[in-house]
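Shown next: final23.txt, given as compact mmCIF, C-alpha atoms.
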```txt
# COMPACT_ATOMS: atom_id res chain seq x y z
CA MET B 18 -15.57 53.46 19.11
CA VAL B 19 -16.07 49.73 19.67
CA ARG B 20 -18.54 47.67 17.64
CA LEU B 21 -20.71 45.34 19.76
CA ARG B 22 -22.35 42.28 18.17
CA PHE B 23 -24.94 39.94 19.69
CA PHE B 24 -26.24 36.76 18.05
CA ALA B 25 -29.06 34.22 18.20
CA SER B 26 -30.91 33.98 21.56
CA LEU B 27 -28.71 36.73 23.06
CA ARG B 28 -29.61 39.10 20.21
CA GLU B 29 -33.29 38.39 20.82
CA THR B 30 -33.09 38.76 24.60
CA LEU B 31 -31.14 42.02 24.44
CA GLY B 32 -33.17 43.45 21.54
CA THR B 33 -30.00 44.49 19.70
CA GLY B 34 -27.57 42.79 17.37
CA ASP B 35 -25.14 45.50 16.41
CA GLU B 36 -24.19 48.77 18.06
CA GLN B 37 -21.31 51.22 18.27
CA VAL B 38 -20.22 52.53 21.68
CA GLU B 39 -17.55 54.85 22.94
CA LEU B 40 -15.27 52.76 25.14
CA PRO B 41 -14.99 54.32 28.68
CA GLY B 42 -11.36 55.14 29.46
CA ASP B 43 -11.10 52.66 32.35
CA ILE B 44 -12.27 49.64 30.32
CA ASN B 45 -9.54 47.73 28.56
CA ASP B 46 -10.55 44.06 28.61
CA ILE B 47 -13.62 42.01 27.68
CA SER B 48 -14.42 41.12 31.29
CA ALA B 49 -14.66 44.80 32.28
CA LEU B 50 -16.59 45.56 29.07
CA THR B 51 -19.08 42.76 29.82
CA ALA B 52 -19.55 44.02 33.41
CA TRP B 53 -20.10 47.56 32.10
CA LEU B 54 -22.82 46.30 29.72
CA GLN B 55 -24.40 44.23 32.51
CA ALA B 56 -24.84 47.42 34.55
CA ARG B 57 -27.31 48.69 31.89
CA ASN B 58 -30.22 46.83 33.52
CA ASP B 59 -31.37 43.48 34.96
CA ARG B 60 -32.04 41.99 31.53
CA TRP B 61 -28.49 42.71 30.37
CA HIS B 62 -27.13 41.55 33.69
CA ALA B 63 -28.89 38.19 33.48
CA ALA B 64 -28.26 37.59 29.77
CA LEU B 65 -24.49 38.10 29.97
CA ASP B 66 -24.14 36.43 33.40
CA ASN B 67 -23.88 32.99 31.85
CA THR B 68 -20.74 30.93 31.70
CA ARG B 69 -21.88 29.43 28.39
CA VAL B 70 -21.77 32.84 26.65
CA ARG B 71 -18.82 33.00 24.21
CA ILE B 72 -16.95 36.21 23.45
CA ALA B 73 -15.09 36.92 20.20
CA VAL B 74 -12.79 39.87 19.60
CA ASN B 75 -12.27 40.75 15.95
CA GLN B 76 -14.01 37.48 14.98
CA THR B 77 -11.80 35.17 17.02
CA ILE B 78 -12.98 33.49 20.24
CA VAL B 79 -11.01 34.78 23.24
CA LYS B 80 -10.63 33.90 26.90
CA PRO B 81 -11.77 36.10 29.86
CA GLY B 82 -9.50 39.12 30.38
CA HIS B 83 -8.64 39.46 26.69
CA PRO B 84 -7.76 43.12 25.90
CA VAL B 85 -10.18 45.43 24.07
CA ARG B 86 -9.02 48.50 22.16
CA ASP B 87 -10.70 51.32 20.29
CA GLY B 88 -11.71 50.04 16.84
CA ASP B 89 -12.25 46.45 17.94
CA GLU B 90 -15.34 44.37 17.13
CA VAL B 91 -16.56 42.42 20.16
CA ALA B 92 -19.27 39.73 19.89
CA TRP B 93 -21.28 37.80 22.51
CA PHE B 94 -23.15 34.64 21.56
CA PRO B 95 -24.41 31.27 22.85
CA PRO B 96 -22.73 27.94 21.97
CA VAL B 97 -22.97 27.29 18.24
CA THR B 98 -25.46 24.82 16.72
CA GLY B 99 -24.76 24.71 12.98
CA GLY B 100 -23.94 21.79 10.74
CA MET X 30 -21.81 -32.57 -12.80
CA VAL X 31 -19.98 -29.84 -10.85
CA ARG X 32 -19.33 -26.36 -12.28
CA LEU X 33 -15.76 -25.11 -11.74
CA ARG X 34 -14.99 -21.36 -11.83
CA PHE X 35 -11.59 -19.64 -11.82
CA PHE X 36 -11.05 -15.88 -11.61
CA ALA X 37 -8.44 -13.18 -12.20
CA SER X 38 -4.79 -14.35 -12.12
CA LEU X 39 -5.87 -17.97 -11.50
CA ARG X 40 -8.12 -17.89 -14.57
CA GLU X 41 -5.20 -16.59 -16.64
CA THR X 42 -2.67 -19.08 -15.26
CA LEU X 43 -4.95 -22.09 -15.73
CA GLY X 44 -6.28 -20.93 -19.11
CA THR X 45 -9.87 -21.64 -18.08
CA GLY X 46 -12.54 -19.73 -16.24
CA ASP X 47 -15.54 -22.02 -16.36
CA GLU X 48 -15.88 -25.75 -16.89
CA GLN X 49 -18.23 -28.61 -16.07
CA VAL X 50 -16.81 -31.86 -14.69
CA GLU X 51 -18.23 -35.18 -13.57
CA LEU X 52 -17.41 -35.49 -9.88
CA PRO X 53 -15.47 -38.76 -9.19
CA GLY X 54 -17.37 -40.92 -6.72
CA ASP X 55 -14.69 -40.77 -4.03
CA ILE X 56 -14.54 -36.96 -3.96
CA ASN X 57 -16.92 -35.29 -1.55
CA ASP X 58 -15.15 -32.19 -0.21
CA ILE X 59 -13.32 -29.17 -1.65
CA SER X 60 -9.93 -30.28 -0.36
CA ALA X 61 -10.16 -33.60 -2.24
CA LEU X 62 -11.55 -31.81 -5.31
CA THR X 63 -8.64 -29.33 -5.27
CA ALA X 64 -6.10 -32.17 -4.96
CA TRP X 65 -7.80 -33.99 -7.84
CA LEU X 66 -7.49 -30.86 -10.04
CA GLN X 67 -3.85 -30.37 -8.97
CA ALA X 68 -3.07 -33.86 -10.31
CA ARG X 69 -3.87 -32.60 -13.85
CA ASN X 70 -0.34 -31.22 -14.32
CA ASP X 71 2.41 -29.12 -12.70
CA ARG X 72 0.78 -25.82 -13.66
CA TRP X 73 -2.46 -26.82 -11.92
CA HIS X 74 -0.53 -28.18 -8.99
CA ALA X 75 1.42 -24.95 -8.45
CA ALA X 76 -1.49 -22.57 -9.08
CA LEU X 77 -3.82 -24.19 -6.54
CA ASP X 78 -1.03 -24.97 -4.01
CA ASN X 79 -1.29 -21.51 -2.49
CA THR X 80 -2.70 -20.78 0.95
CA ARG X 81 -3.98 -17.42 -0.32
CA VAL X 82 -6.31 -19.08 -2.84
CA ARG X 83 -9.94 -18.71 -1.71
CA ILE X 84 -12.62 -21.28 -2.43
CA ALA X 85 -16.35 -20.56 -2.71
CA VAL X 86 -19.08 -23.19 -2.92
CA ASN X 87 -22.33 -21.95 -4.44
CA GLN X 88 -20.99 -18.38 -4.23
CA THR X 89 -20.17 -18.43 -0.53
CA ILE X 90 -16.58 -18.59 0.78
CA VAL X 91 -15.98 -21.88 2.63
CA LYS X 92 -13.30 -23.42 4.81
CA PRO X 93 -11.10 -26.42 3.88
CA GLY X 94 -13.03 -29.68 4.03
CA HIS X 95 -16.36 -28.12 3.06
CA PRO X 96 -18.53 -30.77 1.35
CA VAL X 97 -19.09 -30.77 -2.43
CA ARG X 98 -22.11 -32.40 -4.03
CA ASP X 99 -23.29 -33.03 -7.57
CA GLY X 100 -24.82 -29.80 -8.91
CA ASP X 101 -22.60 -27.48 -6.89
CA GLU X 102 -20.69 -24.50 -8.28
CA VAL X 103 -17.13 -24.34 -6.92
CA ALA X 104 -14.86 -21.31 -7.48
CA TRP X 105 -11.13 -20.70 -6.86
CA PHE X 106 -9.73 -17.16 -6.80
CA PRO X 107 -7.01 -14.93 -5.35
CA PRO X 108 -7.68 -12.38 -2.57
CA VAL X 109 -10.07 -9.70 -3.79
CA THR X 110 -8.92 -6.19 -4.79
CA GLY X 111 -12.06 -4.24 -5.65
CA GLY X 112 -13.33 -0.96 -4.24
CA MET K 4 -13.31 25.81 -1.11
CA ILE K 5 -15.56 27.61 1.38
CA ARG K 6 -19.06 28.98 0.73
CA VAL K 7 -21.81 30.39 2.97
CA GLN K 8 -25.03 31.01 1.06
CA GLU K 9 -28.82 31.23 1.24
CA GLN K 10 -29.45 29.27 -1.95
CA ASP K 11 -29.36 25.50 -2.23
CA PHE K 12 -26.30 23.67 -3.55
CA ASP K 13 -25.90 20.54 -5.69
CA PRO K 14 -23.75 17.82 -4.08
CA GLY K 15 -23.27 16.16 -7.48
CA SER K 16 -21.80 19.31 -9.03
CA GLU K 17 -19.57 19.88 -6.01
CA LEU K 18 -18.28 16.29 -6.15
CA GLU K 19 -17.62 16.70 -9.89
CA LEU K 20 -15.66 19.93 -9.28
CA LEU K 21 -13.53 18.13 -6.69
CA ARG K 22 -12.92 15.23 -9.08
CA ASP K 23 -11.90 17.57 -11.92
CA HIS K 24 -9.54 19.31 -9.54
CA CYS K 25 -7.96 15.99 -8.48
CA ALA K 26 -7.27 14.83 -12.06
CA GLY K 27 -6.15 11.31 -11.19
CA ARG K 28 -4.34 12.14 -7.94
CA ALA K 29 -7.20 11.18 -5.59
CA GLY K 30 -8.42 7.63 -5.05
CA ALA K 31 -11.04 8.50 -2.44
CA VAL K 32 -13.66 11.21 -2.03
CA VAL K 33 -15.79 11.23 1.13
CA SER K 34 -18.71 13.63 1.51
CA PHE K 35 -21.09 14.53 4.31
CA THR K 36 -24.45 16.14 3.59
CA GLY K 37 -26.53 17.43 6.51
CA LEU K 38 -30.32 17.50 6.00
CA VAL K 39 -33.15 19.10 7.99
CA ARG K 40 -34.94 16.41 9.98
CA ASP K 41 -38.72 16.67 10.29
CA LEU K 42 -38.62 15.78 13.99
CA ASN K 43 -36.36 16.96 16.83
CA GLU K 44 -36.71 16.11 20.50
CA GLY K 45 -40.16 14.71 19.77
CA ASP K 46 -41.52 17.83 18.08
CA ALA K 47 -42.44 18.27 14.41
CA ILE K 48 -40.20 20.82 12.68
CA ALA K 49 -42.01 23.03 10.18
CA GLN K 50 -39.01 25.24 9.45
CA LEU K 51 -35.41 25.69 10.52
CA THR K 52 -33.70 29.09 10.35
CA LEU K 53 -29.93 29.41 10.29
CA GLU K 54 -28.33 32.57 11.69
CA HIS K 55 -24.58 33.16 11.46
CA TYR K 56 -21.87 35.73 12.17
CA PRO K 57 -20.81 37.04 8.73
CA GLY K 58 -17.06 37.34 8.47
CA MET K 59 -16.25 35.19 11.46
CA THR K 60 -18.04 32.25 9.85
CA GLU K 61 -15.86 32.33 6.76
CA LYS K 62 -12.72 32.69 8.90
CA ALA K 63 -13.69 29.69 11.05
CA LEU K 64 -14.54 27.50 8.05
CA ALA K 65 -11.32 28.43 6.22
CA GLN K 66 -9.29 27.50 9.31
CA ILE K 67 -11.07 24.14 9.64
CA GLU K 68 -10.52 23.35 5.95
CA ALA K 69 -6.87 24.45 5.98
CA HIS K 70 -6.15 22.28 9.02
CA ALA K 71 -7.80 19.25 7.39
CA ILE K 72 -5.92 19.71 4.11
CA GLU K 73 -2.59 19.97 5.90
CA HIS K 74 -3.12 17.27 8.54
CA TRP K 75 -4.46 14.58 6.18
CA ASN K 76 -2.56 15.70 3.07
CA LEU K 77 -5.79 16.16 1.07
CA VAL K 78 -5.81 16.76 -2.67
CA ALA K 79 -8.91 18.95 -2.29
CA ALA K 80 -11.66 19.85 0.18
CA ALA K 81 -14.96 21.73 0.30
CA ILE K 82 -17.26 23.20 2.95
CA ILE K 83 -20.62 24.74 2.04
CA HIS K 84 -23.15 25.92 4.64
CA ARG K 85 -26.57 27.43 4.02
CA ILE K 86 -28.16 30.24 6.04
CA GLY K 87 -31.72 31.55 6.29
CA PRO K 88 -35.00 29.59 6.38
CA LEU K 89 -34.98 25.87 5.49
CA ALA K 90 -37.71 23.21 5.23
CA PRO K 91 -37.59 19.54 6.30
CA ASN K 92 -35.32 17.42 4.05
CA ASP K 93 -33.56 20.57 2.76
CA ARG K 94 -29.76 20.41 2.58
CA ILE K 95 -28.03 22.43 5.31
CA VAL K 96 -24.34 21.67 4.95
CA PHE K 97 -21.93 19.85 2.64
CA VAL K 98 -18.39 18.81 3.57
CA ALA K 99 -16.08 16.80 1.30
CA ALA K 100 -12.50 15.57 1.36
CA ALA K 101 -10.49 14.08 -1.54
CA SER K 102 -7.37 12.11 -0.77
CA ALA K 103 -5.06 9.48 -2.25
CA HIS K 104 -6.23 7.02 0.43
CA ARG K 105 -9.65 6.39 1.91
CA LYS K 106 -8.79 6.44 5.63
CA ASP K 107 -7.50 10.01 5.26
CA ALA K 108 -10.60 11.08 3.34
CA PHE K 109 -12.93 9.63 6.01
CA SER K 110 -10.95 11.09 8.93
CA ALA K 111 -10.66 14.53 7.32
CA CYS K 112 -14.35 14.71 6.38
CA GLU K 113 -15.47 13.68 9.87
CA TYR K 114 -13.02 16.14 11.44
CA MET K 115 -14.37 19.00 9.33
CA ILE K 116 -18.05 18.43 10.17
CA ASP K 117 -17.28 17.77 13.86
CA SER K 118 -15.23 20.98 14.07
CA LEU K 119 -17.83 22.98 12.17
CA LYS K 120 -20.47 21.90 14.68
CA THR K 121 -18.47 23.23 17.64
CA GLU K 122 -16.33 26.03 16.17
CA ALA K 123 -18.25 27.80 13.40
CA PRO K 124 -20.68 30.56 14.46
CA PHE K 125 -24.00 29.22 13.19
CA TRP K 126 -27.19 29.01 15.25
CA LYS K 127 -30.37 27.05 14.47
CA GLN K 128 -33.86 28.19 15.37
CA GLU K 129 -36.68 25.66 15.02
CA ASP K 130 -40.31 26.40 14.23
CA THR K 131 -42.40 23.83 16.14
CA PRO K 132 -46.13 23.52 16.94
CA GLY K 133 -45.25 25.07 20.33
CA GLY K 134 -43.53 28.07 18.74
CA LYS K 135 -40.00 29.09 17.77
CA ARG K 136 -37.07 27.86 19.84
CA TRP K 137 -33.29 28.05 19.61
CA VAL K 138 -31.57 24.69 19.34
CA THR K 139 -29.39 23.95 22.38
CA ALA K 140 -25.80 22.90 21.76
CA VAL K 141 -25.21 19.26 22.60
CA ASP K 142 -21.65 18.96 21.30
CA GLU K 143 -18.59 20.25 23.11
CA PRO K 144 -18.66 24.04 23.52
CA ILE K 145 -16.69 26.25 21.16
CA SER K 146 -13.10 26.59 22.32
CA SER K 147 -10.66 29.48 22.22
CA MET F 22 -29.70 -0.52 -3.22
CA ILE F 23 -27.03 -2.63 -4.96
CA ARG F 24 -25.79 -2.27 -8.54
CA VAL F 25 -22.90 -3.80 -10.51
CA GLN F 26 -22.52 -2.22 -13.93
CA GLU F 27 -20.12 -1.34 -16.75
CA GLN F 28 -21.49 2.16 -17.31
CA ASP F 29 -20.61 5.19 -15.21
CA PHE F 30 -22.91 6.41 -12.43
CA ASP F 31 -23.79 9.90 -11.20
CA PRO F 32 -23.10 10.43 -7.46
CA GLY F 33 -25.38 13.49 -7.45
CA SER F 34 -28.37 11.51 -8.75
CA GLU F 35 -27.67 8.69 -6.29
CA LEU F 36 -27.50 11.14 -3.37
CA GLU F 37 -30.74 12.74 -4.54
CA LEU F 38 -32.47 9.34 -4.69
CA LEU F 39 -31.33 8.62 -1.13
CA ARG F 40 -32.58 12.01 0.05
CA ASP F 41 -35.98 11.51 -1.62
CA HIS F 42 -36.22 8.12 0.03
CA CYS F 43 -35.41 9.59 3.47
CA ALA F 44 -38.09 12.31 3.27
CA GLY F 45 -37.10 14.17 6.42
CA ARG F 46 -36.09 11.15 8.49
CA ALA F 47 -32.32 11.40 7.85
CA GLY F 48 -30.11 14.18 9.15
CA ALA F 49 -26.86 12.83 7.74
CA VAL F 50 -25.78 11.29 4.44
CA VAL F 51 -22.17 10.13 4.06
CA SER F 52 -20.83 8.95 0.71
CA PHE F 53 -17.58 7.41 -0.48
CA THR F 54 -16.54 7.58 -4.14
CA GLY F 55 -13.53 5.56 -5.27
CA LEU F 56 -11.61 6.93 -8.27
CA VAL F 57 -8.90 5.44 -10.50
CA ARG F 58 -5.53 6.93 -9.53
CA ASP F 59 -3.08 7.70 -12.32
CA LEU F 60 -0.18 6.25 -10.33
CA ASN F 61 0.16 3.05 -8.27
CA GLU F 62 3.32 1.72 -6.65
CA GLY F 63 5.33 4.25 -8.66
CA ASP F 64 3.96 3.23 -12.07
CA ALA F 65 1.74 5.25 -14.38
CA ILE F 66 -1.66 3.61 -14.83
CA ALA F 67 -3.04 3.85 -18.37
CA GLN F 68 -6.08 1.66 -17.72
CA LEU F 69 -7.63 -0.36 -14.92
CA THR F 70 -9.81 -3.39 -15.68
CA LEU F 71 -12.26 -4.74 -13.10
CA GLU F 72 -13.17 -8.43 -13.18
CA HIS F 73 -15.81 -9.88 -10.86
CA TYR F 74 -17.71 -13.06 -10.07
CA PRO F 75 -21.26 -12.45 -11.34
CA GLY F 76 -23.83 -13.68 -8.88
CA MET F 77 -21.50 -13.97 -5.92
CA THR F 78 -20.69 -10.24 -6.17
CA GLU F 79 -24.31 -9.21 -5.80
CA LYS F 80 -24.77 -11.64 -2.91
CA ALA F 81 -21.71 -10.27 -1.09
CA LEU F 82 -22.73 -6.64 -1.61
CA ALA F 83 -26.31 -7.29 -0.49
CA GLN F 84 -25.02 -8.92 2.71
CA ILE F 85 -22.69 -6.00 3.43
CA GLU F 86 -25.48 -3.48 2.88
CA ALA F 87 -28.03 -5.43 4.94
CA HIS F 88 -25.60 -5.70 7.86
CA ALA F 89 -24.87 -1.96 7.75
CA ILE F 90 -28.56 -1.03 7.61
CA GLU F 91 -29.35 -3.24 10.58
CA HIS F 92 -26.30 -2.50 12.73
CA TRP F 93 -26.41 1.31 12.35
CA ASN F 94 -30.17 1.63 11.95
CA LEU F 95 -29.80 3.38 8.57
CA VAL F 96 -32.71 5.05 6.80
CA ALA F 97 -31.19 4.08 3.43
CA ALA F 98 -27.97 2.83 1.84
CA ALA F 99 -26.44 2.30 -1.60
CA ILE F 100 -23.53 0.37 -3.11
CA ILE F 101 -22.60 0.71 -6.79
CA HIS F 102 -19.51 -0.90 -8.32
CA ARG F 103 -18.31 -0.69 -11.90
CA ILE F 104 -16.72 -3.51 -13.89
CA GLY F 105 -14.74 -3.59 -17.14
CA PRO F 106 -12.09 -1.13 -18.40
CA LEU F 107 -11.64 2.21 -16.62
CA ALA F 108 -9.35 5.22 -17.21
CA PRO F 109 -7.54 7.41 -14.63
CA ASN F 110 -9.94 9.62 -12.61
CA ASP F 111 -12.91 7.41 -13.60
CA ARG F 112 -15.32 6.50 -10.82
CA ILE F 113 -14.98 2.86 -9.66
CA VAL F 114 -17.28 2.55 -6.67
CA PHE F 115 -19.90 4.53 -4.75
CA VAL F 116 -21.07 3.73 -1.22
CA ALA F 117 -23.54 5.85 0.76
CA ALA F 118 -25.32 5.69 4.12
CA ALA F 119 -28.21 7.86 5.32
CA SER F 120 -28.98 8.01 9.02
CA ALA F 121 -30.68 10.16 11.63
CA HIS F 122 -27.26 10.89 13.17
CA ARG F 123 -23.90 11.58 11.59
CA LYS F 124 -21.73 9.18 13.61
CA ASP F 125 -23.85 6.27 12.40
CA ALA F 126 -23.67 7.45 8.79
CA PHE F 127 -19.86 7.75 8.91
CA SER F 128 -19.38 4.38 10.64
CA ALA F 129 -21.76 2.57 8.29
CA CYS F 130 -20.25 4.07 5.13
CA GLU F 131 -16.71 3.23 6.21
CA TYR F 132 -17.79 -0.29 7.21
CA MET F 133 -19.37 -0.89 3.81
CA ILE F 134 -16.34 0.18 1.75
CA ASP F 135 -13.91 -1.62 4.08
CA SER F 136 -15.97 -4.82 3.84
CA LEU F 137 -16.37 -4.51 0.09
CA LYS F 138 -12.59 -4.31 -0.28
CA THR F 139 -12.03 -7.59 1.56
CA GLU F 140 -15.27 -9.56 0.99
CA ALA F 141 -16.66 -8.78 -2.47
CA PRO F 142 -15.21 -10.77 -5.42
CA PHE F 143 -13.72 -8.00 -7.57
CA TRP F 144 -10.20 -8.04 -9.00
CA LYS F 145 -8.24 -5.16 -10.52
CA GLN F 146 -5.78 -5.49 -13.36
CA GLU F 147 -3.54 -2.51 -14.14
CA ASP F 148 -2.14 -1.53 -17.52
CA THR F 149 1.31 0.01 -16.86
CA PRO F 150 4.28 0.90 -19.12
CA GLY F 151 5.75 -2.49 -18.04
CA GLY F 152 2.63 -4.41 -19.11
CA LYS F 153 -0.54 -5.68 -17.45
CA ARG F 154 -0.43 -6.81 -13.82
CA TRP F 155 -2.97 -7.97 -11.26
CA VAL F 156 -3.23 -5.75 -8.20
CA THR F 157 -2.13 -7.56 -5.04
CA ALA F 158 -4.46 -7.47 -2.05
CA VAL F 159 -3.12 -5.35 0.78
CA ASP F 160 -6.16 -5.47 3.05
CA GLU F 161 -7.11 -8.39 5.24
CA PRO F 162 -7.87 -11.51 3.20
CA ILE F 163 -11.46 -12.48 2.49
CA SER F 164 -12.89 -14.47 5.38
CA SER F 165 -15.30 -17.36 5.50
```
Whole structure, structure tokens version:
Amino acid sequence: MVRLRFFASLRETLGTGDEQVELPGDINDISALTAWLQARNDRWHAALDNTRVRIAVNQTIVKPGHPVRDGDEVAWFPPVTGG
Amino acid sequence: MVRLRFFASLRETLGTGDEQVELPGDINDISALTAWLQARNDRWHAALDNTRVRIAVNQTIVKPGHPVRDGDEVAWFPPVTGG
Amino acid sequence: MIRVQEQDFDPGSELELLRDHCAGRAGAVVSFTGLVRDLNEGDAIAQLTLEHYPGMTEKALAQIEAHAIEHWNLVAAAIIHRIGPLAPNDRIVFVAAASAHRKDAFSACEYMIDSLKTEAPFWKQEDTPGGKRWVTAVDEPISS
Amino acid sequence: MIRVQEQDFDPGSELELLRDHCAGRAGAVVSFTGLVRDLNEGDAIAQLTLEHYPGMTEKALAQIEAHAIEHWNLVAAAIIHRIGPLAPNDRIVFVAAASAHRKDAFSACEYMIDSLKTEAPFWKQEDTPGGKRWVTAVDEPISS
């Protein structure tokens, strides 16, 4: 299982903030995982098709192509605005 | 009368912090006033013969040659070290 | 010292804790307090809501603080950030740096709040007369 | 707000006064607190005594504050400086700037303490194991 997290405007757009999914056997990086989620429907496709979306694996920001393994926590979110 | 003020190490060296003097008629700027005070004795001469000594007239720092008039307050002090 | 909390904090108490901790070794303490402004981009702000990513937030803040302490040789540092709903003039964030010398304290404090604004996973939503809206990032994007 | 006083001050109360005064117009408050270090130039400091030039001090501080408020468009500012005998870790000085934006608050606060250290007529005398000594100015000399 992989834990998926979505925050702020992405959480609202997708209607989910936290889910567990079984990772398909042929998906082993965040780019493939993002593409697989985008195939869910047009809303998912549009929301994650944004170069400003950040991806964190196990709570650390990563670059495209970063590996994903069973047990990981992967998060998608917009640029941060705290402080 | 002119009020003379001395602060910090200068006050200690000269043994005075505040005095009133009658301004001699031929003295009309701070450079002449300083030279006149330096003529008091060697201690005064040495203490005020220091390019780091600052002079304020009526509580505003001034440059050499600044005029002095009856009723003014003139202060001599070392570079400041507050804060 | 890192804290993420819903409740308000007291800058005076935090500064006093830092001073106690320094015990004569620090000559300079610089603090930054962020407040909710009542106006943003021309619109009145009735409420501001802070969302964050629990776990990652604390990791990001601890990294920022640790880097500041090491780079500027701080005697002590603090980062506190509130989450949840806030009203105009409420405190949002507090960052402080204590150092032997003032230049280091200023540089470290400014570094910590600048980094927090681009690297820590917090998001602001504003409640305006025209409805709720997410604040758009204006600083540099978060980096990997 | 300018104050020169023998008694201690409370940075928390001063920050709260600034915040009340801002009432939603300031997003950033930066403060600097100067503390007595227990060591200077390798010598233990038992006591620090602050002398000043009454009258000129207040004039110099008011000018520094007025320039900062105007130049950085501050919502509010404060400078407090203590005089008389102080012990290690005691507060000496407090400077704060409140602004809509944080860069302005940092720049204004740093300007005020930097200017105070070269332009305001305060002098420090240290009490060390080797006796009393006047602190020598290391910053730029006071200018006309």
Practice task
Can you work out which one of X:Met30, X:Ile84, X:Ala104, X:Leu43 has the shortest atom-to-atom distance to Gln67 in chain X, counting all atoms listed in the file?
Solution key: X:Leu43
Any chance you could tabulate, as a tab-separated table, the residues of chain K at most 12 Å from chain X with each one's nearest atom pair and distance in Å to one decimal, using only C-alpha atoms, in chain and rising number order?
```
residue	atom	partner	partner_atom	distance
K:Gly30	CA	X:Gly112	CA	9.9
K:Ala31	CA	X:Gly112	CA	9.9
K:His104	CA	X:Gly112	CA	11.7
K:Arg105	CA	X:Gly112	CA	10.3
```
Output C-alpha atoms for every residue in that selection, as a short mmCIF file (atom, residue, chain, number, x, y, z; two decimals), in the frame of the given file.
```
data_model
loop_
_atom_site.label_atom_id
_atom_site.label_comp_id
_atom_site.auth_asym_id
_atom_site.auth_seq_id
_atom_site.Cartn_x
_atom_site.Cartn_y
_atom_site.Cartn_z
CA GLY K 30 -8.42 7.63 -5.05
CA ALA K 31 -11.04 8.50 -2.44
CA HIS K 104 -6.23 7.02 0.43
CA ARG K 105 -9.65 6.39 1.91
#
```
Reference chain X, mobile chain B, all Cα atoms fitted, written as a short mmCIF file (atom, residue, chain, number, x, y, z; two decimals) with C-alpha atoms, keeping the file's coordinate frame:
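That gives us selection-v1.cif:
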```cif
data_model
loop_
_atom_site.label_atom_id
_atom_site.label_comp_id
_atom_site.auth_asym_id
_atom_site.auth_seq_id
_atom_site.Cartn_x
_atom_site.Cartn_y
_atom_site.Cartn_z
CA MET B 18 -21.83 -32.53 -12.81
CA VAL B 19 -19.99 -29.83 -10.86
CA ARG B 20 -19.35 -26.36 -12.28
CA LEU B 21 -15.77 -25.12 -11.74
CA ARG B 22 -15.01 -21.38 -11.82
CA PHE B 23 -11.61 -19.67 -11.82
CA PHE B 24 -11.05 -15.91 -11.60
CA ALA B 25 -8.45 -13.20 -12.17
CA SER B 26 -4.79 -14.36 -12.11
CA LEU B 27 -5.87 -17.98 -11.48
CA ARG B 28 -8.11 -17.92 -14.56
CA GLU B 29 -5.20 -16.62 -16.63
CA THR B 30 -2.67 -19.11 -15.25
CA LEU B 31 -4.96 -22.10 -15.72
CA GLY B 32 -6.27 -20.96 -19.12
CA THR B 33 -9.87 -21.66 -18.09
CA GLY B 34 -12.55 -19.76 -16.24
CA ASP B 35 -15.55 -22.03 -16.35
CA GLU B 36 -15.91 -25.76 -16.88
CA GLN B 37 -18.26 -28.62 -16.07
CA VAL B 38 -16.82 -31.88 -14.71
CA GLU B 39 -18.24 -35.17 -13.59
CA LEU B 40 -17.40 -35.49 -9.90
CA PRO B 41 -15.45 -38.78 -9.23
CA GLY B 42 -17.35 -40.93 -6.74
CA ASP B 43 -14.65 -40.74 -4.04
CA ILE B 44 -14.51 -36.92 -3.97
CA ASN B 45 -16.89 -35.27 -1.56
CA ASP B 46 -15.14 -32.17 -0.21
CA ILE B 47 -13.32 -29.16 -1.65
CA SER B 48 -9.92 -30.27 -0.36
CA ALA B 49 -10.16 -33.59 -2.24
CA LEU B 50 -11.55 -31.79 -5.30
CA THR B 51 -8.64 -29.31 -5.26
CA ALA B 52 -6.10 -32.17 -4.95
CA TRP B 53 -7.79 -33.99 -7.85
CA LEU B 54 -7.48 -30.86 -10.03
CA GLN B 55 -3.85 -30.38 -8.96
CA ALA B 56 -3.05 -33.85 -10.30
CA ARG B 57 -3.86 -32.59 -13.84
CA ASN B 58 -0.33 -31.21 -14.30
CA ASP B 59 2.43 -29.11 -12.70
CA ARG B 60 0.78 -25.82 -13.66
CA TRP B 61 -2.46 -26.78 -11.91
CA HIS B 62 -0.51 -28.17 -8.99
CA ALA B 63 1.42 -24.94 -8.46
CA ALA B 64 -1.50 -22.57 -9.08
CA LEU B 65 -3.81 -24.20 -6.53
CA ASP B 66 -1.02 -24.96 -4.02
CA ASN B 67 -1.28 -21.52 -2.48
CA THR B 68 -2.69 -20.79 0.92
CA ARG B 69 -3.96 -17.42 -0.33
CA VAL B 70 -6.33 -19.09 -2.84
CA ARG B 71 -9.97 -18.71 -1.70
CA ILE B 72 -12.63 -21.31 -2.43
CA ALA B 73 -16.36 -20.57 -2.71
CA VAL B 74 -19.09 -23.19 -2.92
CA ASN B 75 -22.34 -21.95 -4.43
CA GLN B 76 -21.01 -18.37 -4.22
CA THR B 77 -20.17 -18.41 -0.52
CA ILE B 78 -16.59 -18.59 0.79
CA VAL B 79 -15.99 -21.86 2.65
CA LYS B 80 -13.29 -23.37 4.82
CA PRO B 81 -11.08 -26.40 3.87
CA GLY B 82 -13.00 -29.69 4.02
CA HIS B 83 -16.33 -28.12 3.05
CA PRO B 84 -18.54 -30.75 1.33
CA VAL B 85 -19.09 -30.77 -2.44
CA ARG B 86 -22.12 -32.39 -4.06
CA ASP B 87 -23.31 -33.00 -7.59
CA GLY B 88 -24.83 -29.77 -8.92
CA ASP B 89 -22.61 -27.47 -6.87
CA GLU B 90 -20.69 -24.49 -8.27
CA VAL B 91 -17.14 -24.34 -6.91
CA ALA B 92 -14.87 -21.31 -7.47
CA TRP B 93 -11.14 -20.71 -6.86
CA PHE B 94 -9.74 -17.18 -6.80
CA PRO B 95 -7.02 -14.95 -5.33
CA PRO B 96 -7.69 -12.39 -2.56
CA VAL B 97 -10.07 -9.71 -3.79
CA THR B 98 -8.92 -6.21 -4.79
CA GLY B 99 -12.05 -4.22 -5.65
CA GLY B 100 -13.31 -0.95 -4.25
#
```
